[in-house]
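J.: This is the structure I have questions about; it appears just below.
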Amino acid sequence: MQTESTDVHPDVALFASSFFPHLGGVEELTRQLAHEHVRRGARPIVVTNRWPEDLPASETIEGLPVRREAFLTPERHLRPLARFVLEGRTAPGRLADDVKAHGAQLIHVQCVSTNGYTARNVARRLNLPLVVSLQGELTMDADRVYQHSTVLPSLLRELFRDADAITACSRQTLDEAISFTGIDPAERAHVVYNGVDLDEFTHVFPVQRDRPFVLGIGRHVPQKGFDVLLRAFARLRSNDALANHQLVLAGDGPQHHDLRALAHQLDLDDHVDFVGRCDRNATAALFAGCSLFVLPSRHEPMGIVNLEAMAAGRPVLASAVGGVPELVVDRETGVLVRPDDHEHLAHELGVLLAAPDVRARMGRAGLERVQQFSWPSIADQYADIYTSVLTKDDRDCG
């Protein structure tokens with residue numbers, strides 16, 4: 001591969017499965033990582049899916065160059081296959097020209113979806129190293145793309161075999177992918193957790209509401225388990241500790257109207273406030289103002305929101321699923337409960353709300369623990385992987 005050994009942070013093409021204007025964990029990870037690259041003197045470029053198709057093919061967002069292309073794959077279904085034959089085969093060539101013109105030295109895939117297919121082809125065309133980061137896509141995609149796609153399962157296996165480095169946002173996510181692919185990347189595999197912007201929570205003004213509140217935030221999809229939280233809240237309406245508390249549910253998604261209907265069915269209209277999608281400032285203010293944060297997920301590869309709660313000094317009540325136990329230390333920074341069990345969740349919620357001293361202690365412990373998950377620290381770990389990959393390529397070429 002034509003790379004030069006250097007102490008300067010390399011220029012990286014970040015192939016993200018999704019990016020702004022969409023909001024979510026992968027989008028925030030890509031945004032923060034790209035800005036950390038810039039702070040290190042590099043010139044990253046974000047390459048992402050052009051969906052919806054009226055989004056511009058190229059633009060600059062927060063000073064970051066963003067290139068969009070419809071990521072198509074040769075699915076063995078008539079309509080998508082026909083579109084791939086007509087349009088999709090030329091996309092890697094166009095993107096390879098753009099990535100080469102930008103001077104990228106390495107391709108980094110964030111969350112393997114259709115972006116992985118195009119990124120692999122671009123890396124091969126340009127003879128560039130390929131780093132692949134897993135974000136729980138096997139179980140957390142709301143559309144269950146890996147269960148419906150005829151291409152993605154085999155693509156993931158090929159990436160596991162061929163990528164110069166594989167990272168995952170938790171040990172559980174990596175183990176899940178190894179089991180799925182049947183391939184162990186061994187020394188090429190690394191766990192790199194996602195991070196949190198600690199500065200967002202340093203000088204934030206907490207939300208002030210008429211009543212103290214419990215916070216839930218995330219996409220309104222079945223995997224997040226907000227229906228379990230509503231049932232737990234309903235079970236505790238007569239609890240003295242909960243009587244004056246409100247549940248605030250932030251976010252949106254395909255299950256939003258179902259959750260509203262369930263809240264009405266459970267007679268929670270006066271106890272639950274659906275506040276919709278929130279920008280970064282509003283999100284930080286909600287975390288800072290809540291009594292505690294609840295993540296009742298059925299599946300969760302890691303959960304950046306856990307870190308955001310800790311950064312705000314708030315205890316976490318979360319399902320013991322996926323990578324969550326790798327972040328939330330049970331009975332120290334929060335409490336872990338059985339997934340999909342509203343009675344267990346209700347019990348622990350009542351216990352925590354009745355014990356403000358315990359909540360304060362857990363909040364302090366979480367604030368101390370979260371310091372190791374700052375974005376500069378996460379970017380340093382990726383930088384070490386980039387250096388290792390590029391150095392290996394130099395040796396192989398020498």
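Numbering starts fresh at 1 for the residues of each chain in the structure tokens, the chains themselves are lettered A, B, ... in the order given, and ligands are numbered from 1 as they appear.
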List the neighbours of Gly25 (chain A) out to 10 Å using only C-alpha atoms; skip same-chain residues closer than 4 positions along the sequence, and give me the result as a short mmCIF file (atom, residue, chain, number, x, y, z; two decimals) with N, CA, C and O atoms, in the first residue's frame.
T.:
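Okay, selection_28.cif is ready:
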```cif
data_model
loop_
_atom_site.label_atom_id
_atom_site.label_comp_id
_atom_site.auth_asym_id
_atom_site.auth_seq_id
_atom_site.Cartn_x
_atom_site.Cartn_y
_atom_site.Cartn_z
N SER A 18 -24.78 6.60 8.80
CA SER A 18 -25.72 7.72 8.83
C SER A 18 -25.01 8.93 9.42
O SER A 18 -24.07 8.79 10.21
N PHE A 19 -25.47 10.11 9.02
CA PHE A 19 -24.88 11.35 9.53
C PHE A 19 -25.94 12.44 9.50
O PHE A 19 -27.05 12.26 8.99
N LEU A 29 -21.08 9.92 17.20
CA LEU A 29 -19.73 9.35 17.22
C LEU A 29 -18.91 9.87 16.05
O LEU A 29 -17.76 10.32 16.22
N THR A 30 -19.47 9.82 14.85
CA THR A 30 -18.75 10.27 13.66
C THR A 30 -18.42 11.75 13.77
O THR A 30 -17.30 12.18 13.44
N ARG A 31 -19.38 12.54 14.22
CA ARG A 31 -19.18 13.98 14.37
C ARG A 31 -18.03 14.27 15.35
O ARG A 31 -17.12 15.05 15.05
N GLN A 135 -21.07 -1.20 15.79
CA GLN A 135 -21.86 -0.43 16.74
C GLN A 135 -23.16 -1.14 17.11
O GLN A 135 -24.18 -0.52 17.37
N ASN A 194 -17.56 4.03 22.85
CA ASN A 194 -17.91 5.37 22.41
C ASN A 194 -17.75 6.34 23.58
O ASN A 194 -17.62 5.92 24.73
N GLY A 195 -17.76 7.62 23.29
CA GLY A 195 -17.43 8.61 24.32
C GLY A 195 -18.53 9.60 24.59
O GLY A 195 -19.67 9.46 24.13
N GLY A 218 -34.18 8.44 23.88
CA GLY A 218 -33.67 7.54 22.85
C GLY A 218 -34.68 7.39 21.73
O GLY A 218 -35.76 7.99 21.74
N MET A 302 -24.09 -0.61 23.70
CA MET A 302 -23.32 0.14 24.70
C MET A 302 -24.20 1.18 25.39
O MET A 302 -24.47 1.10 26.56
N GLY A 303 -24.68 2.17 24.65
CA GLY A 303 -25.54 3.20 25.21
C GLY A 303 -24.79 4.44 25.63
O GLY A 303 -24.44 4.61 26.81
N ILE A 304 -24.52 5.35 24.67
CA ILE A 304 -23.86 6.62 24.99
C ILE A 304 -24.66 7.38 26.04
O ILE A 304 -24.09 8.10 26.87
N VAL A 305 -25.98 7.23 26.04
CA VAL A 305 -26.83 7.96 27.00
C VAL A 305 -26.45 7.61 28.44
O VAL A 305 -26.63 8.44 29.34
#
```
J.: Which residues, written as a PyMOL selection string, have at least one atom at most 12 Å from Leu259 (chain A), with only C-alpha atoms counted and residues fewer than 6 positions away on the same chain left out?
T.: chain A and resi 219-222+224-231+249-253+265-266+268-269+272-274
J.: List the spatial neighbours of Thr333 (chain A) as a list in words - criterion: any atom at most 9 Å away, only C-alpha atoms, same-chain residues fewer than 4 positions off excluded.
T.: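 Answer for this query is Met310, Arg314, Pro315, Val316, Leu327, Val328, Val329, Arg359, Arg361, Met362, Gly363, Arg364, Ala365, Gly366, Leu367 and Arg369 of chain A.
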J.: Export N, CA, C and O atoms of the chosen residues as a PDB file, in the first residue's frame?
T.:
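This is the output file selection-v2.pdb:
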```
ATOM      1  N   MET A 310     -24.047   9.925  33.451  1.00  0.00           N
ATOM      2  CA  MET A 310     -22.925   9.983  34.391  1.00  0.00           C
ATOM      3  C   MET A 310     -22.236  11.338  34.332  1.00  0.00           C
ATOM      4  O   MET A 310     -21.833  11.891  35.364  1.00  0.00           O
ATOM      5  N   ARG A 314     -25.705  12.002  37.335  1.00  0.00           N
ATOM      6  CA  ARG A 314     -26.971  11.364  37.672  1.00  0.00           C
ATOM      7  C   ARG A 314     -26.815   9.843  37.668  1.00  0.00           C
ATOM      8  O   ARG A 314     -26.098   9.288  36.840  1.00  0.00           O
ATOM      9  N   PRO A 315     -27.498   9.157  38.594  1.00  0.00           N
ATOM     10  CA  PRO A 315     -27.442   7.691  38.613  1.00  0.00           C
ATOM     11  C   PRO A 315     -28.189   7.102  37.432  1.00  0.00           C
ATOM     12  O   PRO A 315     -29.099   7.732  36.876  1.00  0.00           O
ATOM     13  N   VAL A 316     -27.810   5.885  37.056  1.00  0.00           N
ATOM     14  CA  VAL A 316     -28.398   5.192  35.909  1.00  0.00           C
ATOM     15  C   VAL A 316     -29.126   3.946  36.391  1.00  0.00           C
ATOM     16  O   VAL A 316     -28.575   3.142  37.144  1.00  0.00           O
ATOM     17  N   LEU A 327     -20.298  -0.579  31.308  1.00  0.00           N
ATOM     18  CA  LEU A 327     -20.249   0.842  31.628  1.00  0.00           C
ATOM     19  C   LEU A 327     -20.817   1.135  33.011  1.00  0.00           C
ATOM     20  O   LEU A 327     -20.219   1.851  33.805  1.00  0.00           O
ATOM     21  N   VAL A 328     -22.001   0.604  33.274  1.00  0.00           N
ATOM     22  CA  VAL A 328     -22.712   0.890  34.522  1.00  0.00           C
ATOM     23  C   VAL A 328     -22.308  -0.146  35.568  1.00  0.00           C
ATOM     24  O   VAL A 328     -22.567  -1.337  35.400  1.00  0.00           O
ATOM     25  N   VAL A 329     -21.672   0.311  36.632  1.00  0.00           N
ATOM     26  CA  VAL A 329     -21.240  -0.582  37.697  1.00  0.00           C
ATOM     27  C   VAL A 329     -22.402  -0.733  38.682  1.00  0.00           C
ATOM     28  O   VAL A 329     -22.792   0.228  39.343  1.00  0.00           O
ATOM     29  N   ARG A 359     -28.827   8.074  45.538  1.00  0.00           N
ATOM     30  CA  ARG A 359     -28.737   8.658  44.199  1.00  0.00           C
ATOM     31  C   ARG A 359     -27.555   9.616  44.108  1.00  0.00           C
ATOM     32  O   ARG A 359     -26.818   9.620  43.110  1.00  0.00           O
ATOM     33  N   ARG A 361     -24.787   9.587  45.899  1.00  0.00           N
ATOM     34  CA  ARG A 361     -23.536   8.822  45.933  1.00  0.00           C
ATOM     35  C   ARG A 361     -23.251   8.183  44.583  1.00  0.00           C
ATOM     36  O   ARG A 361     -22.118   8.230  44.083  1.00  0.00           O
ATOM     37  N   MET A 362     -24.263   7.588  43.959  1.00  0.00           N
ATOM     38  CA  MET A 362     -24.080   6.976  42.655  1.00  0.00           C
ATOM     39  C   MET A 362     -23.750   8.019  41.597  1.00  0.00           C
ATOM     40  O   MET A 362     -22.937   7.771  40.693  1.00  0.00           O
ATOM     41  N   GLY A 363     -24.368   9.181  41.695  1.00  0.00           N
ATOM     42  CA  GLY A 363     -24.072  10.251  40.750  1.00  0.00           C
ATOM     43  C   GLY A 363     -22.624  10.686  40.817  1.00  0.00           C
ATOM     44  O   GLY A 363     -21.976  10.910  39.788  1.00  0.00           O
ATOM     45  N   ARG A 364     -22.089  10.797  42.043  1.00  0.00           N
ATOM     46  CA  ARG A 364     -20.675  11.180  42.201  1.00  0.00           C
ATOM     47  C   ARG A 364     -19.755  10.101  41.647  1.00  0.00           C
ATOM     48  O   ARG A 364     -18.753  10.403  40.985  1.00  0.00           O
ATOM     49  N   ALA A 365     -20.095   8.839  41.903  1.00  0.00           N
ATOM     50  CA  ALA A 365     -19.273   7.739  41.395  1.00  0.00           C
ATOM     51  C   ALA A 365     -19.305   7.689  39.867  1.00  0.00           C
ATOM     52  O   ALA A 365     -18.290   7.421  39.217  1.00  0.00           O
ATOM     53  N   GLY A 366     -20.472   7.944  39.292  1.00  0.00           N
ATOM     54  CA  GLY A 366     -20.584   7.958  37.838  1.00  0.00           C
ATOM     55  C   GLY A 366     -19.782   9.084  37.216  1.00  0.00           C
ATOM     56  O   GLY A 366     -19.135   8.904  36.169  1.00  0.00           O
ATOM     57  N   LEU A 367     -19.808  10.249  37.856  1.00  0.00           N
ATOM     58  CA  LEU A 367     -19.058  11.391  37.341  1.00  0.00           C
ATOM     59  C   LEU A 367     -17.561  11.113  37.351  1.00  0.00           C
ATOM     60  O   LEU A 367     -16.830  11.516  36.432  1.00  0.00           O
ATOM     61  N   ARG A 369     -16.229   8.014  37.144  1.00  0.00           N
ATOM     62  CA  ARG A 369     -15.963   6.951  36.176  1.00  0.00           C
ATOM     63  C   ARG A 369     -15.986   7.461  34.742  1.00  0.00           C
ATOM     64  O   ARG A 369     -15.207   7.011  33.885  1.00  0.00           O
TER      65      ARG A 369
END
```
J.: Could you check how far CA of Leu72 (chain A) sits from CA of Ala96 (chain A), in Å to one decimal?
T.: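 According to the coordinates, CA of Leu72 (chain A) and CA of Ala96 (chain A) are separated by 15.3 Å.
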J.: Can you tell me how far CA of Tyr193 (chain A) sits from CA of Ile178 (chain A), in Å to one decimal?
T.: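 For CA of Tyr193 (chain A) relative to CA of Ile178 (chain A), the distance reads 17.3 Å.
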